[in-house]
Amino acid sequence: MSYDIFNIGIDWAKQPKQTLEPYRTIIQYPGSGIYIRDITDEIQIKFSAEYTNLSKSAENQILSYFMSHNGRLNAFWTPVPKNYFTATANIGATDTTIQISDVSPIWLRGYERMFIIGPDLTLYHAKITGLTSTTMSIDAPLGVALATTDILLFGKLIYCRFDQDEISMQYSSDSVSECELSFLELPKEYPSS
Amino acid sequence: MGTYYANINDAYTGTGHAGTTGDPFSIADLNNHSNANPVGNVYNLQGICHSTISAFGINQNTWQAWNASLYGPWQIYTNNVNGFQWVNFASTTGLISGGIIFSLYGIWNIHFAYNCFFNPGVGQSVSPMIPGSPSSYSTTGVYKGCTFYGNFLNDTDYGYPTAITFTDCLIGNVIAGTNPITLNFYNCAIGRSIGSGWNVINCQLSWSQPPSPAFGAAQSAFNTFTLAAGVTIPPQPGNSPYTSYSTGLWGEARTGIGAVWFGGIPGNCFPWLPDWGNGVEMKYKFATVIDVSETGNEQARAPLFSKIKRVQSCKHFSPSYLSNIENFLRSMHASNFYVPIFNEPIIPIGTIGISLKSVTSITSEGLSSLFNLNNLCSFILMVDLSNQNNFELHSLASVNSDTQMTIGGPFINNFYLGKTIYFPVMNAYNNGFSDSIDTPAIVDSALIFEEFF
């Protein structure tokens with residue numbers, strides 16, 4: 001499938017934030033009793049980041065994307081800027097198995113995608129089809145050979161929407177702007193393939 | 001005294017109609033009845049009439065539009081060599097309003113007119129008097145929210161009026177230089193320099209009046225954007241609430257001066273630039289409704305807005321324009337107007353002339369990088385940096401390249417290199433105004449403009 005990916009460089013000096021959004025009900029009874037009702041075990045990832053020192057063209061790119069996706073309405077893919085994995089061996093251009101360091105495979109639900117950002121900031125991605133504590137299987141090779149030292153970021157690509165209907169663009173001059181964007185994963189809506 | 005209705009369309013003929021809504025007067029009935037009953041009647045007119053007569057029996061009655069929102073203005077054109085003449089020129093109570101009057105040979109005896117459009121013919125005059133008839137001299141004329149083409153008056157020929165007042169009018173020219181005459185102008189745009197004995201308040205002089213629409217032209221030809229092009233603030237937006245002339249020619253709410261159509265394209269602009277020391281904020285927003293099922297599925301989502309909405313916040317630190325800004329916002333408190341997208345300034349580098357529509361311009365990164373200009377903009381505001389009350393709004397025809405765009409004309413004023421800045425604009429209303437008063441003369445105004453659609 002084709003991936004509609006939002007991938008604009010964030011300002012790492014402003015520390016992106018990630019939270020988990022469990023969907024449950026917590027009831028506090030009189031006395032000491034607490035009851036937790038599990039509504040769904042699909043825990044959403046939510047993260048936000050700041051985009052600063054934006055040029056006019058970068059600002060245009062963000063606003064055009066936001067407009068074309070009607071704020072919170074339409075879903076897309078975006079990389080969570082966090083190293084969920086660490087490659088322990090170089091990756092071949094035709095490999096569909098990637099050697100990784102010790103990872104708990106418990107959370108694998110079958111819809112997850114991985115991504116790698118290479119040395120030239122190109123983003124490579126694939127669907128994760130299997131996961132053990134030391135290997136990751138993907139549905140298609142990345143098409144490029146990557147040494148472990150080439151990998152800038154090895155994480156999860158999530159299917160999400162903007163978690164805001166409003167972008168506040170701050171202009172300290174007429175040529176530079178900054179804004180904050182927030183994303184919310186949609187676990188129930190991952191495409192099947 | 002009574003209220004009557006008239007259909008003055010050419011095709012509606014005959015006499016003896018009752019003057020009711022079901023059987024309105026024809027133009028002949030109207031004239032006969034208004035002459036036979038010269039005082040205190042109200043006639044509601046609709047239709048377009050080509051007339052070969054000159055004398056119209058308005059007398060001391062009122063001729064006004066019959067539901068202008070539904071039928072538009074009443075319109076009369078006469079090619080009679082005696083022009084259009086209002087019978088009983090000495091009327092002090094007669095009034096015409098909501099009409100469009102064209103003539104080949106002048107328009108005379110016009111004393112009280114609200115929201116009327118006058119075109120007296122090439123080289124001809126609109127006048128409160130009758131030419132060559134000294135006994136007809138009048139001293140009174142009151143005109144509010146009117147548009148005048150041709151000349152107003154020629155006092156050498158026509159006499160010595162002493163009390164003529166124009167309020168919120170667009171006036172192509174006035175000839176009244178040699179005789180003792182007092183003319184009062186309030187919030188008018190006038191196509192000449194000040195004359196002797198004139199009392200001029202909040203007016204724009206030496207305004208270049210755009211060409212007149214033809215008689216019977218479509219409503220769109222009378223829009224304020226075209227007919228009031230080049231009019232500054234003041235005289236725009238005039239003297240709200242425009243008592244007795246609160247609508248435009250097609251019954252829409254009046255938002256400025258002249259007898260025009262105030263619909264279609266907002267004619268008012270907020271041209272004053274913000275203080276960048278305080279930064280500018282622009283919010284881009286949707287209002288999506290999200291329905292989450294008990295399993296966490298988001299299946300029902302719908303946008304409240306059909307397109308992205310912009311909200312601009314900025315501060316104005318401009319002692320020179322304090323009263324302009326506050327008065328403008330007060331008068332526009334219930335209206336929409338054009339506001340520049342301040343964060344997308346475009347600096348022209350080509351020669352700017354009165355007829356130049358293709359403008360070579362620069363931005364920090366090129367025109368294609370400007371989001372608002374390329375996605376959400378139909379008009380460009382040109383602001384004269386040496387006097388920000390001087391501006392022009394023009395349609396954006398195309399963005400041709402990173403350094404060139406084409407703007408629709410015609411241009412009214414001259415804008416000069418190094419003193420002009422362009423902005424894409426949005427149609428907005430004021431949604432916040434608060435002053436921080438540093439000294440009585442220096443004030444920071446925090447403003448919020450929310451897009452109107």
# chains A, B, ... in the order shown; residues from 1 in each chain; ligands from 1
call {"tool": "residues_around", "arguments": {"residues": "Leu123 of chain A", "least_positions_apart": "5", "cutoff": "12 Å", "atoms": "only C-alpha atoms", "output": "list in words"}}
result
Tyr3, Ile5, Phe6, Asn7, Ile8, Gly9, Thr78, Pro79, Pro81, Met114, Phe115, Ile116, Ile117, Gly118, Leu142, Gly143, Val144, Leu146, Ile151, Leu152, Leu153, Phe154, Gly155, Lys156 and Leu157 of chain A
call {"tool": "interface_residues", "arguments": {"of": "chain B", "to": "chain A", "cutoff": "6 Å", "atoms": "only C-alpha atoms", "output": "JSON, numbers by chain"}}
result
{"B": [279, 280, 281, 282, 283, 284, 285, 286, 287, 295, 297, 343, 369, 371]}
call {"tool": "write_last_selection", "arguments": {"atoms": "C-alpha atoms", "output": "PDB file, in the first residue's frame"}}
result
ATOM      1  CA  GLY B 279       5.077  39.272  17.188  1.00  0.00           C
ATOM      2  CA  VAL B 280       2.093  38.042  15.248  1.00  0.00           C
ATOM      3  CA  GLU B 281       0.082  34.885  15.777  1.00  0.00           C
ATOM      4  CA  MET B 282      -2.011  33.122  13.188  1.00  0.00           C
ATOM      5  CA  LYS B 283      -4.215  30.191  14.127  1.00  0.00           C
ATOM      6  CA  TYR B 284      -5.431  27.803  11.489  1.00  0.00           C
ATOM      7  CA  LYS B 285      -8.300  25.706  12.676  1.00  0.00           C
ATOM      8  CA  PHE B 286     -11.012  23.232  11.949  1.00  0.00           C
ATOM      9  CA  ALA B 287     -13.795  22.162  14.286  1.00  0.00           C
ATOM     10  CA  THR B 295     -14.521  -0.016  21.957  1.00  0.00           C
ATOM     11  CA  ASN B 297     -13.225   3.059  17.503  1.00  0.00           C
ATOM     12  CA  ASN B 343       3.087  37.308   8.151  1.00  0.00           C
ATOM     13  CA  SER B 369       6.415  29.333  -0.451  1.00  0.00           C
ATOM     14  CA  PHE B 371       0.783  29.295   2.148  1.00  0.00           C
TER      15      PHE B 371
END
call {"tool": "residues_around", "arguments": {"residues": "Glu392 of chain B", "least_positions_apart": "6", "cutoff": "6 Å", "atoms": "only C-alpha atoms", "output": "PyMOL selection string"}}
result
chain B and resi 230+381-382
call {"tool": "write_last_selection", "arguments": {"atoms": "N, CA and C atoms", "output": "PDB file, in the first residue's frame"}}
result
ATOM      1  N   GLY B 230     -10.053  52.809  -4.512  1.00  0.00           N
ATOM      2  CA  GLY B 230      -9.130  53.895  -4.209  1.00  0.00           C
ATOM      3  C   GLY B 230      -9.580  54.822  -3.104  1.00  0.00           C
ATOM      4  N   LEU B 381      -3.821  43.340  -0.987  1.00  0.00           N
ATOM      5  CA  LEU B 381      -3.924  44.713  -0.508  1.00  0.00           C
ATOM      6  C   LEU B 381      -2.582  45.406  -0.697  1.00  0.00           C
ATOM      7  N   MET B 382      -2.600  46.551  -1.365  1.00  0.00           N
ATOM      8  CA  MET B 382      -1.396  47.368  -1.519  1.00  0.00           C
ATOM      9  C   MET B 382      -1.480  48.489  -0.491  1.00  0.00           C
TER      10      MET B 382
END
call {"tool": "select_by_dssp", "arguments": {"residues": "chain A", "states": "alpha helix (DSSP H)", "output": "list in words"}}
result
Lys56, Ser57, Ala58, Glu59, Asn60, Gln61, Ile62, Leu63, Ser64, Tyr65, Phe66, Met67 and Ser68 of chain A
call {"tool": "residues_around", "arguments": {"residues": "Lys315 of chain B", "least_positions_apart": "4", "cutoff": "7 Å", "atoms": "only C-alpha atoms", "output": "list in words"}}
result
Pro274, Asp275, Asn278, Asp444, Ser445, Ala446 and Leu447 of chain B
call {"tool": "write_last_selection", "arguments": {"atoms": "N, CA, C and O atoms", "output": "CSV table (one decimal), in the first residue's frame"}}
result
chain,number,residue,atom,x,y,z
B,274,PRO,N,1.0,46.0,11.9
B,274,PRO,CA,1.2,45.7,13.3
B,274,PRO,C,2.6,46.0,13.7
B,274,PRO,O,3.5,46.2,12.9
B,275,ASP,N,2.8,45.9,15.0
B,275,ASP,CA,4.1,46.1,15.6
B,275,ASP,C,4.8,44.7,15.7
B,275,ASP,O,4.4,43.9,16.5
B,278,ASN,N,6.1,42.8,19.0
B,278,ASN,CA,5.2,42.0,19.8
B,278,ASN,C,4.9,40.7,19.1
B,278,ASN,O,4.1,39.9,19.6
B,444,ASP,N,-1.0,50.7,22.9
B,444,ASP,CA,-0.8,49.4,22.3
B,444,ASP,C,-2.2,48.8,22.1
B,444,ASP,O,-2.9,48.6,23.1
B,445,SER,N,-2.6,48.5,20.9
B,445,SER,CA,-3.9,47.9,20.7
B,445,SER,C,-3.7,46.4,20.3
B,445,SER,O,-3.1,46.1,19.3
B,446,ALA,N,-4.3,45.5,21.2
B,446,ALA,CA,-4.2,44.1,20.9
B,446,ALA,C,-5.5,43.7,20.1
B,446,ALA,O,-6.6,43.9,20.6
B,447,LEU,N,-5.3,43.2,18.9
B,447,LEU,CA,-6.4,43.0,18.0
B,447,LEU,C,-6.5,41.5,17.7
B,447,LEU,O,-5.5,40.8,17.5
call {"tool": "atom_distance", "arguments": {"atom1": "atom CA of Phe166 of chain B", "atom2": "atom CA of Asn387 of chain B"}}
result
25.6 Å
call {"tool": "atom_distance", "arguments": {"atom1": "atom CA of Thr148 of chain A", "atom2": "atom CA of Val103 of chain A"}}
result
16.8 Å
call {"tool": "atom_distance", "arguments": {"atom1": "atom CA of Phe25 of chain B", "atom2": "atom CA of Ala11 of chain B"}}
result
12.5 Å
call {"tool": "residues_around", "arguments": {"residues": "Trp108 of chain B", "least_positions_apart": "5", "cutoff": "7 Å", "atoms": "only C-alpha atoms", "output": "ChimeraX atom specification"}}
result
/B:84-86,126-130
call {"tool": "write_last_selection", "arguments": {"atoms": "all heavy atoms", "output": "compact mmCIF listing (two decimals), in the first residue's frame"}}
result
# COMPACT_ATOMS: atom_id res chain seq x y z
N PHE B 84 -33.21 65.07 -16.99
CA PHE B 84 -34.14 64.54 -15.98
C PHE B 84 -34.44 65.68 -15.03
O PHE B 84 -33.54 66.28 -14.43
CB PHE B 84 -33.48 63.39 -15.22
CG PHE B 84 -34.30 62.83 -14.09
CD1 PHE B 84 -35.03 61.67 -14.25
CD2 PHE B 84 -34.34 63.48 -12.85
CE1 PHE B 84 -35.79 61.15 -13.20
CE2 PHE B 84 -35.11 62.97 -11.80
CZ PHE B 84 -35.83 61.80 -11.98
N GLN B 85 -35.71 66.01 -14.87
CA GLN B 85 -36.06 67.11 -13.98
C GLN B 85 -37.11 66.67 -12.98
O GLN B 85 -38.07 65.99 -13.31
CB GLN B 85 -36.60 68.30 -14.79
CG GLN B 85 -35.57 68.89 -15.74
CD GLN B 85 -36.09 70.15 -16.40
OE1 GLN B 85 -36.81 70.93 -15.78
NE2 GLN B 85 -35.73 70.33 -17.66
N TRP B 86 -36.90 67.12 -11.80
CA TRP B 86 -37.79 66.82 -10.68
C TRP B 86 -38.79 67.98 -10.59
O TRP B 86 -38.41 69.11 -10.31
CB TRP B 86 -36.94 66.72 -9.44
CG TRP B 86 -37.60 66.51 -8.12
CD1 TRP B 86 -38.89 66.68 -7.77
CD2 TRP B 86 -36.94 66.06 -6.94
NE1 TRP B 86 -39.08 66.38 -6.47
CE2 TRP B 86 -37.91 65.99 -5.93
CE3 TRP B 86 -35.64 65.71 -6.65
CZ2 TRP B 86 -37.61 65.59 -4.63
CZ3 TRP B 86 -35.35 65.33 -5.35
CH2 TRP B 86 -36.31 65.25 -4.36
N VAL B 126 -25.22 67.32 -12.48
CA VAL B 126 -26.33 67.10 -11.55
C VAL B 126 -26.45 68.38 -10.75
O VAL B 126 -25.43 68.93 -10.31
CB VAL B 126 -26.05 65.93 -10.60
CG1 VAL B 126 -27.23 65.70 -9.67
CG2 VAL B 126 -25.72 64.66 -11.39
N SER B 127 -27.65 68.86 -10.56
CA SER B 127 -27.79 70.17 -9.93
C SER B 127 -29.09 70.25 -9.16
O SER B 127 -30.09 69.63 -9.54
CB SER B 127 -27.76 71.27 -11.00
OG SER B 127 -28.10 72.51 -10.42
N PRO B 128 -29.11 71.06 -8.08
CA PRO B 128 -30.38 71.31 -7.40
C PRO B 128 -31.23 72.36 -8.12
O PRO B 128 -32.32 72.68 -7.67
CB PRO B 128 -29.95 71.80 -6.02
CG PRO B 128 -28.61 72.42 -6.25
CD PRO B 128 -27.98 71.65 -7.38
N MET B 129 -30.72 72.92 -9.25
CA MET B 129 -31.43 74.00 -9.94
C MET B 129 -31.74 73.63 -11.38
O MET B 129 -31.32 72.59 -11.89
CB MET B 129 -30.59 75.27 -9.91
CG MET B 129 -30.45 75.81 -8.52
SD MET B 129 -28.91 76.68 -8.33
CE MET B 129 -27.76 75.36 -8.36
N ILE B 130 -32.45 74.53 -12.05
CA ILE B 130 -32.72 74.37 -13.47
C ILE B 130 -31.85 75.37 -14.22
O ILE B 130 -31.82 76.55 -13.87
CB ILE B 130 -34.21 74.65 -13.78
CG1 ILE B 130 -35.08 73.65 -13.04
CG2 ILE B 130 -34.46 74.58 -15.28
CD1 ILE B 130 -36.56 73.92 -13.20
